[in-house]
Amino acid sequence: MSLRMLRQRATGGALVRFAVEGVRFLERPDGTPYIQMDVADFSDVATLRWWCDWRQPSVQYPSGDDAFQAVITHRCLDGRLWLDSDEVARISNDELYRGGPMFLSRTHVPEGAYPALEKLVAIFNGIKTASIREFVGRVLTDQHIARRFVRCRASANHHHHERGGLLMHSVGVAERCLSCSSGLERSLHEVVIAAALLHDIGKLETVGEGPKRPPLAPWVHHEALTLEILAPHLHWLDGEWPHGAVLLRHCLTWYSTKPAGFAGFVGADLIRAMDGIDVGIGMGKGSGEARFEPFRNPLRKQ
Ligand SMILES: [Fe+2]
């Protein structure tokens, strides 16, 4: 159950999963020890009191970026969600990957990208092909990727150039692919969705959160870095569904070669077309601001 759903429910018990943002070791005035944690998921934040004796060596309290679960009771006080639990446990990697973007803490996401974060979770939850779902879940819970992905810009001064712009653009391309991919087999359709969500992730290393561009920006195209960043996860997918991993790489790279013809897999054409449309809409070309541009700027912009 998400934290937002919990907030909307009457008081009662529930199992919740969350990321931990901060930990304090406290005692009540009567000496009862407890751990107070700032917790979050994609939908909301809360304060959790874990009633345990943190002085005991057997207590495994949060110390990193792992995700946890707890059976809790809850209440709202002054607009803040308070949780109480007697048992908090680290979740397994399998559960972590199954949850994927639900563990992306809202506190790290620029406010303007909140709607895109909600859509990302909904799109992820719609992926039913186990290997593709786990692949995306692995990427979006990778500590070296996830927090940067939700804050990165999609360009320095072109489309979606605000912080969180990469998340907005990636979700935008995925949504457009969702609406245009009827006729594809389910598993291949989901390869396209995964590729749409991750097609610009190389911009973590060429655009960044800003305002200063990362050092790699003038040296390497972001498409090459997309493969580099995703490499460990693509290698995992190679072992689970080799053909899916091949098609995913094709979708992630084919459009960057500026091909004159069509791709071997129509999903790569879809990514290329929907990427262009999402950029165009983001640039105001679907509104009254649309204007005729007779020549493309020869200098490539990102
Ligand atoms: Fe793009």
# chains A, B, ... in the order shown; residues from 1 in each chain; ligands from 1
$ residues_near_ligand --ligand "ligand 1" --cutoff "8 Å" --atoms "only C-alpha atoms and all ligand atoms" --output "ChimeraX atom specification"
/A:154,169-170,173,199-200,275-276,278-279
$ write_last_selection --atoms "C-alpha atoms" --output "short mmCIF file (atom, residue, chain, number, x, y, z; two decimals), in the first residue's frame"
data_model
loop_
_atom_site.label_atom_id
_atom_site.label_comp_id
_atom_site.auth_asym_id
_atom_site.auth_seq_id
_atom_site.Cartn_x
_atom_site.Cartn_y
_atom_site.Cartn_z
CA ALA A 154 16.48 16.44 -20.80
CA HIS A 169 10.24 13.54 -21.41
CA SER A 170 10.92 9.83 -20.84
CA VAL A 173 7.69 9.21 -24.96
CA HIS A 199 16.19 5.96 -24.16
CA ASP A 200 17.84 9.18 -22.93
CA ASP A 275 10.70 10.97 -29.27
CA GLY A 276 10.44 13.59 -32.00
CA ASP A 278 7.36 14.61 -27.51
CA VAL A 279 10.24 17.01 -28.15
#
$ residues_around --residues "stretch 281-284 of chain A" --least-positions-apart "4" --cutoff "12 Å" --atoms "only C-alpha atoms" --output "list of chain:residue names"
A:Ala154, A:Ser155, A:Asn157, A:His158, A:His159, A:His160, A:His161, A:Glu162, A:Gly165, A:Leu166, A:Met168, A:His169, A:Ser170, A:Gly172, A:Val173, A:Arg176, A:Met274, A:Asp275, A:Gly276, A:Ile277, A:Gly288, A:Glu289, A:Ala290, A:Arg291
$ select_by_dssp --residues "stretch 45-112 of chain A" --states "strand (DSSP E or B)" --output "list in words"
Val45, Ala46, Thr47, Leu48, Arg49, Trp50, Ala67, Phe68, Gln69, Ala70, Val71, Ile72, Thr73, His74, Arg75, Cys76, Leu77, Arg80, Leu81, Trp82, Leu83, Asp84, Ser85, Val88, Ala89 and Arg90 of chain A
$ residues_around --residues "A:Gly164" --least-positions-apart "3" --cutoff "6 Å" --atoms "only C-alpha atoms" --output "ChimeraX atom specification"
/A:110,113,150-153,167
$ residues_around --residues "stretch 31-36 of chain A" --least-positions-apart "3" --cutoff "6 Å" --atoms "only C-alpha atoms" --output "list of chain:residue names"
A:Val23, A:Arg24, A:Phe25, A:Leu26, A:Glu27, A:Arg28, A:Leu48, A:Arg49, A:Trp50, A:Trp51, A:Cys52, A:Asp53
$ closest_atom_pairs --of "stretch 192-276 of chain A" --to "stretch 119-138 of chain A" --cutoff "8 Å" --atoms "only C-alpha atoms" --output "Markdown table"
| residue | atom | partner | partner_atom | distance |
| --- | --- | --- | --- | --- |
| A:Ala194 | CA | A:Val136 | CA | 6.5 |
| A:His233 | CA | A:Phe135 | CA | 6.3 |
| A:Leu234 | CA | A:Phe135 | CA | 7.6 |
| A:Trp236 | CA | A:Phe135 | CA | 7.7 |
| A:Leu237 | CA | A:Phe135 | CA | 6.5 |
| A:Glu240 | CA | A:Ser131 | CA | 6.4 |
| A:Trp241 | CA | A:Ser131 | CA | 6.9 |
$ write_last_selection --atoms "C-alpha atoms" --output "PDB file, in the first residue's frame"
ATOM      1  CA  ALA A 194      11.175  -0.040 -21.426  1.00  0.00           C
ATOM      2  CA  HIS A 233      21.257  -4.509 -16.339  1.00  0.00           C
ATOM      3  CA  LEU A 234      21.315  -5.345 -20.052  1.00  0.00           C
ATOM      4  CA  TRP A 236      21.332  -9.457 -16.714  1.00  0.00           C
ATOM      5  CA  LEU A 237      18.564  -9.351 -19.338  1.00  0.00           C
ATOM      6  CA  GLU A 240      16.895 -13.966 -18.974  1.00  0.00           C
ATOM      7  CA  TRP A 241      15.636 -13.155 -22.461  1.00  0.00           C
TER       8      TRP A 241
END
$ residues_around --residues "A:His144" --least-positions-apart "3" --cutoff "12 Å" --atoms "only C-alpha atoms" --output "JSON, numbers by chain"
{"A": [65, 138, 139, 140, 141, 147, 148, 149, 150, 201, 204, 205, 229, 230, 232]}
$ write_last_selection --atoms "C-alpha atoms" --output "short mmCIF file (atom, residue, chain, number, x, y, z; two decimals), in the first residue's frame"
data_model
loop_
_atom_site.label_atom_id
_atom_site.label_comp_id
_atom_site.auth_asym_id
_atom_site.auth_seq_id
_atom_site.Cartn_x
_atom_site.Cartn_y
_atom_site.Cartn_z
CA ASP A 65 19.62 3.34 0.62
CA ARG A 138 16.60 -3.06 -11.49
CA VAL A 139 17.46 0.16 -13.35
CA LEU A 140 15.06 2.33 -11.36
CA THR A 141 16.32 1.02 -8.02
CA ARG A 147 17.99 9.65 -7.90
CA ARG A 148 19.85 11.26 -10.76
CA PHE A 149 17.24 10.12 -13.27
CA VAL A 150 14.38 11.92 -11.51
CA ILE A 201 19.34 7.95 -19.68
CA LEU A 204 22.77 11.72 -16.79
CA GLU A 205 26.36 12.07 -18.00
CA ILE A 229 24.90 3.14 -17.90
CA LEU A 230 22.50 0.29 -18.61
CA PRO A 232 25.03 -4.32 -16.06
#
$ atom_distance --atom1 "atom CA of A:Leu104" --atom2 "atom CA of A:Asp86"
24.5 Å
$ residues_around --residues "stretch 67-82 of chain A" --least-positions-apart "2" --cutoff "10 Å" --atoms "only C-alpha atoms" --output "PyMOL selection string"
chain A and resi 3-4+6-20+38-41+44-50+61-62+64-65+84-93+95-96+99+103-104+141
$ write_last_selection --atoms "C-alpha atoms" --output "mmCIF file, in the first residue's frame"
data_model
loop_
_atom_site.group_PDB
_atom_site.id
_atom_site.type_symbol
_atom_site.label_atom_id
_atom_site.label_comp_id
_atom_site.auth_asym_id
_atom_site.auth_seq_id
_atom_site.Cartn_x
_atom_site.Cartn_y
_atom_site.Cartn_z
ATOM 1 C CA LEU A 3 1.749 6.122 1.754
ATOM 2 C CA ARG A 4 -0.825 8.289 0.007
ATOM 3 C CA LEU A 6 -2.627 5.113 3.790
ATOM 4 C CA ARG A 7 -3.219 8.798 4.429
ATOM 5 C CA GLN A 8 -6.637 8.490 2.803
ATOM 6 C CA ARG A 9 -7.630 5.513 4.966
ATOM 7 C CA ALA A 10 -9.087 5.522 8.430
ATOM 8 C CA THR A 11 -6.752 4.411 11.184
ATOM 9 C CA GLY A 12 -5.898 0.722 11.058
ATOM 10 C CA GLY A 13 -3.108 -1.760 10.357
ATOM 11 C CA ALA A 14 -1.400 -2.083 6.986
ATOM 12 C CA LEU A 15 1.773 -3.363 5.354
ATOM 13 C CA VAL A 16 3.775 -0.535 3.807
ATOM 14 C CA ARG A 17 7.037 -0.419 1.858
ATOM 15 C CA PHE A 18 9.222 2.630 1.725
ATOM 16 C CA ALA A 19 12.661 4.171 1.359
ATOM 17 C CA VAL A 20 14.361 5.581 4.464
ATOM 18 C CA ASP A 38 11.772 9.796 7.916
ATOM 19 C CA VAL A 39 10.318 7.531 5.245
ATOM 20 C CA ALA A 40 9.017 8.128 1.737
ATOM 21 C CA ASP A 41 7.761 6.473 -1.397
ATOM 22 C CA ASP A 44 4.086 10.775 0.063
ATOM 23 C CA VAL A 45 6.338 11.111 3.094
ATOM 24 C CA ALA A 46 5.814 10.020 6.699
ATOM 25 C CA THR A 47 7.468 9.740 10.089
ATOM 26 C CA LEU A 48 7.781 6.200 11.389
ATOM 27 C CA ARG A 49 8.437 5.257 14.999
ATOM 28 C CA TRP A 50 9.881 1.790 15.320
ATOM 29 C CA TYR A 61 18.434 -0.581 11.652
ATOM 30 C CA PRO A 62 18.549 1.215 8.274
ATOM 31 C CA GLY A 64 21.923 2.783 3.555
ATOM 32 C CA ASP A 65 19.623 3.336 0.622
ATOM 33 C CA ASP A 84 4.088 3.149 14.418
ATOM 34 C CA SER A 85 5.543 -0.323 14.104
ATOM 35 C CA ASP A 86 7.071 -3.048 16.253
ATOM 36 C CA GLU A 87 8.947 -4.630 13.366
ATOM 37 C CA VAL A 88 10.750 -3.050 10.421
ATOM 38 C CA ALA A 89 12.570 -5.290 7.957
ATOM 39 C CA ARG A 90 14.742 -4.800 4.896
ATOM 40 C CA ILE A 91 12.990 -6.155 1.809
ATOM 41 C CA SER A 92 14.598 -8.685 -0.502
ATOM 42 C CA ASN A 93 16.129 -7.654 -3.815
ATOM 43 C CA GLU A 95 10.733 -7.387 -3.877
ATOM 44 C CA LEU A 96 12.800 -4.279 -4.494
ATOM 45 C CA GLY A 99 8.384 -2.430 -6.697
ATOM 46 C CA PHE A 103 10.685 3.341 -4.013
ATOM 47 C CA LEU A 104 11.706 6.556 -5.762
ATOM 48 C CA THR A 141 16.324 1.017 -8.015
#
$ atom_distance --atom1 "atom CA of A:Ala245" --atom2 "atom CA of A:Val191"
8.4 Å
$ select_by_dssp --residues "stretch 121-221 of chain A" --states "helix (DSSP H, G or I)" --output "ChimeraX atom specification"
/A:121-125,130-140,146-151,165-180,186-198,203-206
$ atom_distance --atom1 "atom CA of A:Ser105" --atom2 "atom CA of A:Leu117"
9.8 Å
